[in-house]
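Engineer: You'll find work34.txt just under this line, and it carries compact mmCIF, C-alpha atoms.
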```txt
# COMPACT_ATOMS: atom_id res chain seq x y z
CA MET A 12 -4.05 4.71 25.48
CA GLY A 13 -4.04 5.82 21.86
CA VAL A 14 -0.93 5.80 19.70
CA ARG A 15 0.42 9.04 18.19
CA LEU A 16 1.12 8.08 14.60
CA MET A 17 1.49 9.02 10.97
CA VAL A 18 0.25 7.09 7.94
CA VAL A 19 2.52 7.31 4.89
CA ASP A 20 1.48 5.83 1.56
CA ASP A 21 1.74 6.78 -2.11
CA HIS A 22 -1.94 5.97 -2.51
CA ARG A 23 -3.90 8.74 -0.84
CA LEU A 24 -7.22 6.90 -0.71
CA LEU A 25 -5.77 3.99 1.26
CA ALA A 26 -3.84 6.24 3.62
CA GLU A 27 -6.83 8.44 4.39
CA ALA A 28 -9.15 5.46 4.88
CA LEU A 29 -6.76 3.86 7.36
CA ALA A 30 -6.14 7.16 9.14
CA SER A 31 -9.88 7.74 9.53
CA ALA A 32 -10.43 4.23 10.89
CA LEU A 33 -7.65 4.65 13.44
CA LYS A 34 -8.92 8.07 14.53
CA LEU A 35 -12.33 6.55 15.25
CA ARG A 36 -10.60 3.99 17.47
CA GLY A 37 -8.99 6.66 19.62
CA HIS A 38 -5.57 7.08 18.04
CA ARG A 39 -4.01 10.47 17.27
CA VAL A 40 -3.11 10.71 13.57
CA LEU A 41 -0.69 13.57 12.95
CA ALA A 42 -0.73 13.30 9.15
CA ALA A 43 -1.72 10.96 6.34
CA ALA A 44 -1.21 10.41 2.60
CA ALA A 45 2.32 11.82 2.42
CA PRO A 46 4.15 10.52 -0.67
CA THR A 47 6.75 7.94 0.32
CA GLY A 48 9.37 9.93 -1.60
CA GLY A 49 9.00 12.85 0.82
CA ALA A 50 8.09 10.78 3.84
CA ALA A 51 11.34 10.99 5.76
CA GLU A 52 11.40 14.78 6.13
CA LEU A 53 7.76 14.95 7.19
CA VAL A 54 8.00 12.09 9.69
CA VAL A 55 11.23 13.43 11.19
CA SER A 56 9.68 16.88 11.65
CA ARG A 57 6.42 15.63 13.23
CA ALA A 58 8.06 12.91 15.36
CA PRO A 59 5.19 10.44 15.88
CA GLU A 60 5.52 7.41 18.13
CA VAL A 61 4.75 5.09 15.22
CA CYS A 62 4.91 5.57 11.45
CA LEU A 63 2.80 3.25 9.28
CA PHE A 64 4.71 3.03 6.00
CA GLY A 65 2.63 1.61 3.15
CA THR A 66 4.09 0.22 -0.06
CA ALA A 67 2.78 -1.99 -2.84
CA MET A 68 6.28 -3.02 -3.99
CA PRO A 69 8.35 -4.13 -0.96
CA ALA A 70 10.96 -5.82 -3.14
CA GLU A 71 11.59 -2.70 -5.27
CA PRO A 72 15.16 -1.37 -4.79
CA GLY A 73 15.30 1.78 -2.67
CA VAL A 74 11.65 1.72 -1.57
CA PHE A 75 12.68 1.64 2.10
CA ASP A 76 15.32 4.39 1.90
CA PRO A 77 13.01 6.83 3.77
CA ILE A 78 12.88 4.37 6.67
CA THR A 79 16.66 4.35 6.88
CA ARG A 80 16.74 8.14 7.17
CA ILE A 81 13.92 8.21 9.73
CA ARG A 82 15.71 5.70 11.94
CA GLN A 83 19.01 7.54 11.62
CA GLU A 84 17.56 10.94 12.57
CA ARG A 85 14.79 9.83 14.94
CA PRO A 86 15.66 6.36 16.26
CA GLN A 87 12.82 6.58 18.79
CA ILE A 88 10.22 6.45 15.98
CA ALA A 89 8.97 2.91 15.35
CA VAL A 90 8.33 2.29 11.65
CA LEU A 91 5.82 -0.40 10.75
CA VAL A 92 5.58 -1.47 7.10
CA LEU A 93 2.19 -2.17 5.52
CA GLY A 94 2.47 -4.16 2.33
CA PRO A 95 1.25 -7.05 0.19
CA VAL A 96 1.97 -10.70 0.82
CA PRO A 97 5.72 -10.30 1.26
CA SER A 98 8.55 -12.12 -0.43
CA PRO A 99 11.60 -12.99 1.68
CA ARG A 100 13.42 -10.15 -0.11
CA GLY A 101 10.69 -7.68 0.91
CA ILE A 102 10.80 -8.61 4.60
CA ALA A 103 14.58 -8.60 4.69
CA ALA A 104 14.76 -5.18 3.01
CA ALA A 105 12.23 -3.69 5.43
CA LEU A 106 14.06 -4.97 8.50
CA ALA A 107 17.48 -4.01 7.12
CA ALA A 108 16.22 -0.45 6.64
CA GLY A 109 15.20 -0.29 10.30
CA ALA A 110 11.51 -1.26 10.27
CA CYS A 111 10.35 -3.00 13.42
CA GLY A 112 7.55 -4.94 11.78
CA TYR A 113 5.57 -5.88 8.69
CA VAL A 114 1.78 -6.09 8.44
CA ARG A 115 -0.15 -7.24 5.39
CA HIS A 116 -2.42 -4.72 3.65
CA ASP A 117 -5.39 -7.06 4.10
CA GLU A 118 -4.93 -7.39 7.88
CA ARG A 119 -7.92 -6.49 10.05
CA ILE A 120 -7.78 -3.13 11.83
CA GLU A 121 -7.39 -4.94 15.16
CA GLY A 122 -4.26 -6.61 13.84
CA VAL A 123 -2.82 -3.27 12.74
CA GLU A 124 -3.52 -1.87 16.21
CA ARG A 125 -1.80 -4.76 17.96
CA ALA A 126 1.24 -4.30 15.74
CA MET A 127 1.28 -0.55 16.48
CA VAL A 128 1.24 -1.14 20.24
CA LYS A 129 4.04 -3.71 19.95
CA ALA A 130 6.08 -1.34 17.80
CA ARG A 131 5.64 1.52 20.26
CA ALA A 132 6.83 -0.80 23.05
CA GLY A 133 9.99 -1.60 21.10
CA GLU A 134 8.92 -5.13 20.19
CA ALA A 135 9.12 -6.85 16.82
CA ALA A 136 5.72 -6.78 15.11
CA ILE A 137 5.82 -9.51 12.48
CA ALA A 138 3.18 -12.25 12.43
CA PRO A 139 4.75 -15.72 12.87
CA GLN A 140 2.97 -16.98 9.76
CA LEU A 141 4.68 -14.29 7.67
CA LEU A 142 8.09 -15.42 8.87
CA GLN A 143 7.13 -19.06 8.35
CA GLY A 144 5.96 -18.31 4.83
CA ALA A 145 9.15 -16.40 4.10
CA PHE A 146 11.35 -19.24 5.35
CA ALA A 147 9.29 -21.77 3.38
CA GLU A 148 9.75 -19.75 0.20
CA LEU A 149 13.47 -19.43 0.81
CA LEU A 150 13.82 -23.17 1.36
CA ASN A 151 11.47 -24.17 -1.48
CA PRO A 152 11.49 -21.36 -4.06
CA ALA A 153 8.82 -21.56 -6.73
CA ALA A 154 10.15 -22.08 -10.22
CA GLN A 155 7.62 -19.64 -11.64
CA PRO A 156 6.13 -17.49 -8.88
CA ASP A 157 2.57 -16.29 -9.41
CA ASP A 158 2.51 -12.58 -10.20
CA GLU A 159 -1.06 -11.66 -9.28
CA GLY A 160 -0.59 -7.99 -10.11
CA LEU A 161 0.53 -8.71 -13.67
CA ARG A 162 -2.23 -11.30 -14.10
CA LEU A 163 -4.88 -8.78 -13.06
CA LEU A 164 -3.38 -6.08 -15.27
CA GLU A 165 -3.77 -8.36 -18.28
CA LEU A 166 -7.53 -8.45 -17.62
CA LEU A 167 -7.82 -4.68 -18.07
CA THR A 168 -7.77 -2.62 -21.23
CA PRO A 169 -5.40 0.40 -21.25
CA ARG A 170 -8.37 2.71 -20.66
CA GLU A 171 -9.62 0.58 -17.74
CA ALA A 172 -6.12 0.64 -16.25
CA GLU A 173 -6.23 4.45 -16.37
CA VAL A 174 -9.66 4.42 -14.72
CA LEU A 175 -8.29 2.21 -11.91
CA VAL A 176 -5.46 4.67 -11.28
CA ARG A 177 -7.94 7.55 -11.07
CA VAL A 178 -10.21 5.57 -8.74
CA ALA A 179 -7.26 4.90 -6.43
CA GLU A 180 -6.49 8.62 -6.41
CA GLY A 181 -9.98 9.25 -5.06
CA GLU A 182 -11.54 10.73 -8.20
CA ASP A 183 -15.31 10.43 -8.54
CA THR A 184 -17.13 9.68 -11.79
CA ARG A 185 -17.33 13.36 -12.74
CA LEU A 186 -13.58 13.92 -12.32
CA ILE A 187 -12.75 10.70 -14.16
CA ALA A 188 -14.93 11.77 -17.06
CA ALA A 189 -13.39 15.25 -17.18
CA GLY A 190 -9.83 13.98 -16.89
CA MET A 191 -10.28 11.40 -19.65
CA ARG A 192 -12.53 13.63 -21.79
CA ILE A 193 -15.36 11.11 -21.90
CA ALA A 194 -19.02 11.22 -20.92
CA PRO A 195 -19.87 10.53 -17.26
CA SER A 196 -21.98 7.55 -18.34
CA THR A 197 -18.96 6.12 -20.17
CA ALA A 198 -16.75 6.69 -17.14
CA ARG A 199 -19.33 4.96 -14.94
CA THR A 200 -19.35 1.97 -17.32
CA HIS A 201 -15.55 1.74 -17.22
CA VAL A 202 -15.58 1.78 -13.41
CA GLN A 203 -18.19 -0.98 -13.31
CA ARG A 204 -16.13 -3.11 -15.70
CA VAL A 205 -13.01 -2.62 -13.60
CA LEU A 206 -14.84 -3.73 -10.45
CA MET A 207 -16.29 -6.74 -12.27
CA LYS A 208 -12.94 -7.85 -13.73
CA LEU A 209 -11.19 -7.51 -10.37
CA GLY A 210 -13.99 -9.36 -8.60
CA VAL A 211 -14.66 -6.64 -6.01
CA GLY A 212 -17.79 -4.78 -4.95
CA SER A 213 -16.59 -1.24 -4.35
CA ARG A 214 -14.02 1.34 -5.43
CA LEU A 215 -12.28 1.11 -2.06
CA GLU A 216 -11.92 -2.66 -2.42
CA ALA A 217 -10.54 -2.19 -5.93
CA ALA A 218 -7.95 0.32 -4.68
CA ALA A 219 -6.95 -1.95 -1.80
CA LEU A 220 -6.58 -5.01 -4.06
CA ALA A 221 -4.61 -3.01 -6.63
CA ALA A 222 -2.21 -1.71 -3.97
CA ARG A 223 -1.82 -5.09 -2.25
CA THR A 224 -0.91 -6.97 -5.43
CA GLY A 225 1.24 -4.29 -7.07
CA LEU A 226 -1.40 -3.86 -9.78
CA LEU A 227 -1.74 -0.13 -9.13
CA ASP A 228 1.92 0.62 -9.83
CA ARG A 229 1.75 -1.42 -13.02
CA ALA A 230 -1.47 0.29 -14.09
CA THR A 231 0.17 3.67 -13.49
CA LYS A 232 3.14 2.69 -15.66
CA ARG A 233 0.81 1.48 -18.40
CA ALA A 234 -1.15 4.74 -18.28
CA GLU A 235 2.14 6.63 -18.63
CA GLY A 236 3.23 4.44 -21.53
CA ALA A 237 6.10 2.77 -19.66
CA PRO A 238 6.84 -0.95 -20.16
CA VAL A 239 5.40 -3.26 -17.52
CA ALA A 240 7.64 -6.08 -16.31
CA PRO A 241 6.97 -9.00 -13.96
CA GLU A 242 7.66 -8.29 -10.31
CA PRO A 243 11.07 -9.58 -9.15
CA SER A 244 10.84 -12.72 -7.07
```
Starting from the file, give its structure as structure tokens.

Structural biologist:
Amino acid sequence: MGVRLMVVDDHRLLAEALASALKLRGHRVLAAAAPTGGAAELVVSRAPEVCLFGTAMPAEPGVFDPITRIRQERPQIAVLVLGPVPSPRGIAAALAAGACGYVRHDERIEGVERAMVKARAGEAAIAPQLLQGAFAELLNPAAQPDDEGLRLLELLTPREAEVLVRVAEGEDTRLIAAGMRIAPSTARTHVQRVLMKLGVGSRLEAAALAARTGLLDRATKRAEGAPVAPEPS
């Protein structure tokens, strides 16, 4: 029996791709691509069985505030967090806010489905290896944790970072060119360079990698002229 759900993520392309995949597998998707900032009101009003809550920055203060409100107003809704390889702080914050599970962004669709069914049944939906990794990091913290998102950002020029943001927003070459006031051929070249530098073969893969590592949020800040800092450990 399919799950009645909502997909909430700041990155529309990822949310819509996941929603489409789940629809094809027989699940009823009530809504997708709602900004996380306005997620609570929408989820409370639609009342799905499960809410998939995507975030690229699980350790960011306040990122799980919408989950707290959802659980307070609709405790019957199971909220499942989709995020990058989590830090202990990220898992703890998600659970403290009321999430019933945590699934990595790069999990296979079958894994997401299993977690959804567990969540709907009121069970915890956290892979044992995630908990093991979290405990290992807590017991043996790295002196200088690897910040993959920042490392990848350093490979991109400011213009390529802007192109990545536009790709993640679902813009095609024509829209990228118009938005940046450059020729379509130049926009196409920038996209190809972004894919090459990130080591991926498609725009969707680039968007998924950028979201999973926190690169997309950093690229957005760079495009807006804000300072980019290492992710808190």

Engineer: Excluding same-chain residues fewer than 2 positions from A:Arg80, what lies within 9 Å of it counting only C-alpha atoms, as a PDB file with C-alpha atoms, keeping the file's coordinate frame?

Structural biologist:
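The new file out36.pdb reads:
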```
ATOM      1  CA  ALA A  51      11.340  10.990   5.760  1.00  0.00           C
ATOM      2  CA  GLU A  52      11.400  14.780   6.130  1.00  0.00           C
ATOM      3  CA  VAL A  55      11.230  13.430  11.190  1.00  0.00           C
ATOM      4  CA  ASP A  76      15.320   4.390   1.900  1.00  0.00           C
ATOM      5  CA  PRO A  77      13.010   6.830   3.770  1.00  0.00           C
ATOM      6  CA  ILE A  78      12.880   4.370   6.670  1.00  0.00           C
ATOM      7  CA  ARG A  82      15.710   5.700  11.940  1.00  0.00           C
ATOM      8  CA  GLN A  83      19.010   7.540  11.620  1.00  0.00           C
ATOM      9  CA  GLU A  84      17.560  10.940  12.570  1.00  0.00           C
ATOM     10  CA  ARG A  85      14.790   9.830  14.940  1.00  0.00           C
ATOM     11  CA  ALA A 108      16.220  -0.450   6.640  1.00  0.00           C
TER      12      ALA A 108
END
```

Engineer: I'd like the neighbourhood of A:Leu215 as a PyMOL selection string, where a residue qualifies if any of its atoms comes within 8 Å (using all atoms listed in the file), though same-chain residues fewer than 4 positions away should be ignored.

Structural biologist: chain A and resi 24-25+179+219

Engineer: For A:Gly49, work out the shell of residues within 10 Å, counting all atoms listed in the file and skipping chain neighbours fewer than 5 positions away, then give it as a VMD selection string.

Structural biologist: chain A and resid 19 21 54 77

Engineer: If I put a ball of radius 9 Å at (4.3, -0.5, 18.4) in the file's coordinates, which residues poke into it when counting only C-alpha atoms, written as a list in words?

Structural biologist: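 Within the cut-off we find Val14, Glu60, Val61, Ala89, Val90, Leu91, Cys111, Gly112, Glu124, Arg125, Ala126, Met127, Val128, Lys129, Ala130, Arg131, Ala132, Gly133, Glu134, Ala135 and Ala136 of chain A.
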
Engineer: I'd like the contact shell of A:Gly65 - 6 Å cut-off, all atoms listed in the file, skipping same-chain residues fewer than 3 positions apart - returned as a list in words.

Structural biologist: Val19, Asp20, Val92, Leu93 and Gly94 of chain A

Engineer: Leaving out stretch 184-195 of chain A and any residue of its chain fewer than 3 positions from it, which residues lie within 9 Å of it when counting only C-alpha atoms, given as a list in words?

Structural biologist: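 Listed by chain and then number, they are Arg170, Glu173, Val174, Arg177, Val178, Ala198, Arg199, Thr200 and Val202 of chain A.
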
Engineer: Sorted by chain and rising residue number, list the residues of stretch 50-78 of chain A at most 9 Å from stretch 39-43 of chain A (counting all atoms listed in the file), each with its closest atom pair and distance in Å to one decimal, as JSON lines.

Structural biologist:
```
{"residue": "A:Leu53", "atom": "CA", "partner": "A:Ala42", "partner_atom": "CA", "distance": 8.9}
{"residue": "A:Val54", "atom": "CA", "partner": "A:Ala42", "partner_atom": "CA", "distance": 8.8}
{"residue": "A:Arg57", "atom": "CA", "partner": "A:Leu41", "partner_atom": "CA", "distance": 7.4}
{"residue": "A:Pro59", "atom": "CA", "partner": "A:Leu41", "partner_atom": "CA", "distance": 7.3}
```

Engineer: How many Å lie between atom CA of A:Ser213 and atom CA of A:Ala234, rounded to one decimal?

Structural biologist: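 Separating atom CA of A:Ser213 from atom CA of A:Ala234 is a distance of 21.6 Å.
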
Engineer: Grab the atom CA of A:Asp117 to atom CA of A:Ala30 distance for me, in Å with one decimal place.

Structural biologist: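 Atom CA of A:Ala30 lies at a distance of 15.1 Å from atom CA of A:Asp117.
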
Engineer: So the first atom is atom CA of A:Ala138 and the second is atom CA of A:Val211; what is the distance between them in Å, to one decimal place?

Structural biologist: 26.3 Å

Engineer: Restricting the calculation to only C-alpha atoms, which member of A:Gln203, A:Thr224, A:Thr197, A:Gln140 is positioned closest to A:Asp158?

Structural biologist: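 That would be A:Thr224, the residue with the smallest distance to A:Asp158.
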
Engineer: Have a look at A:Val205, A:Val176, A:Leu106, A:Ile81 and name the one nearest to A:Ala58; count only C-alpha atoms.

Structural biologist: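 Of all the options, A:Ile81 lies closest to A:Ala58.
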
Engineer: Complete the atoms of stretch 173-184 of chain A to N, CA, C and O atoms and put them out as an mmCIF file, keeping the file's coordinate frame.

Structural biologist:
```cif
data_model
loop_
_atom_site.group_PDB
_atom_site.id
_atom_site.type_symbol
_atom_site.label_atom_id
_atom_site.label_comp_id
_atom_site.auth_asym_id
_atom_site.auth_seq_id
_atom_site.Cartn_x
_atom_site.Cartn_y
_atom_site.Cartn_z
ATOM 1 N N GLU A 173 -6.261 3.033 -16.729
ATOM 2 C CA GLU A 173 -6.230 4.450 -16.370
ATOM 3 C C GLU A 173 -7.358 4.787 -15.395
ATOM 4 O O GLU A 173 -7.175 5.550 -14.435
ATOM 5 N N VAL A 174 -8.526 4.206 -15.623
ATOM 6 C CA VAL A 174 -9.660 4.420 -14.720
ATOM 7 C C VAL A 174 -9.316 3.917 -13.322
ATOM 8 O O VAL A 174 -9.609 4.582 -12.318
ATOM 9 N N LEU A 175 -8.679 2.759 -13.222
ATOM 10 C CA LEU A 175 -8.290 2.210 -11.910
ATOM 11 C C LEU A 175 -7.360 3.163 -11.178
ATOM 12 O O LEU A 175 -7.505 3.388 -9.965
ATOM 13 N N VAL A 176 -6.391 3.718 -11.896
ATOM 14 C CA VAL A 176 -5.460 4.670 -11.280
ATOM 15 C C VAL A 176 -6.229 5.872 -10.738
ATOM 16 O O VAL A 176 -5.985 6.334 -9.601
ATOM 17 N N ARG A 177 -7.164 6.383 -11.503
ATOM 18 C CA ARG A 177 -7.940 7.550 -11.070
ATOM 19 C C ARG A 177 -8.844 7.207 -9.881
ATOM 20 O O ARG A 177 -9.026 8.027 -8.972
ATOM 21 N N VAL A 178 -9.406 6.008 -9.873
ATOM 22 C CA VAL A 178 -10.210 5.570 -8.740
ATOM 23 C C VAL A 178 -9.366 5.531 -7.471
ATOM 24 O O VAL A 178 -9.768 5.980 -6.400
ATOM 25 N N ALA A 179 -8.157 4.988 -7.586
ATOM 26 C CA ALA A 179 -7.260 4.900 -6.430
ATOM 27 C C ALA A 179 -6.828 6.261 -5.930
ATOM 28 O O ALA A 179 -6.496 6.419 -4.749
ATOM 29 N N GLU A 180 -6.832 7.264 -6.809
ATOM 30 C CA GLU A 180 -6.490 8.620 -6.410
ATOM 31 C C GLU A 180 -7.675 9.358 -5.791
ATOM 32 O O GLU A 180 -7.570 10.524 -5.412
ATOM 33 N N GLY A 181 -8.813 8.658 -5.715
ATOM 34 C CA GLY A 181 -9.980 9.250 -5.060
ATOM 35 C C GLY A 181 -10.880 10.053 -5.971
ATOM 36 O O GLY A 181 -11.776 10.757 -5.491
ATOM 37 N N GLU A 182 -10.698 9.960 -7.280
ATOM 38 C CA GLU A 182 -11.540 10.730 -8.200
ATOM 39 C C GLU A 182 -12.929 10.094 -8.301
ATOM 40 O O GLU A 182 -13.073 8.866 -8.357
ATOM 41 N N ASP A 183 -13.960 10.940 -8.331
ATOM 42 C CA ASP A 183 -15.310 10.430 -8.540
ATOM 43 C C ASP A 183 -15.591 10.346 -10.044
ATOM 44 O O ASP A 183 -14.734 10.667 -10.879
ATOM 45 N N THR A 184 -16.792 9.899 -10.380
ATOM 46 C CA THR A 184 -17.130 9.680 -11.790
ATOM 47 C C THR A 184 -16.992 10.966 -12.609
ATOM 48 O O THR A 184 -16.499 10.953 -13.742
#
```
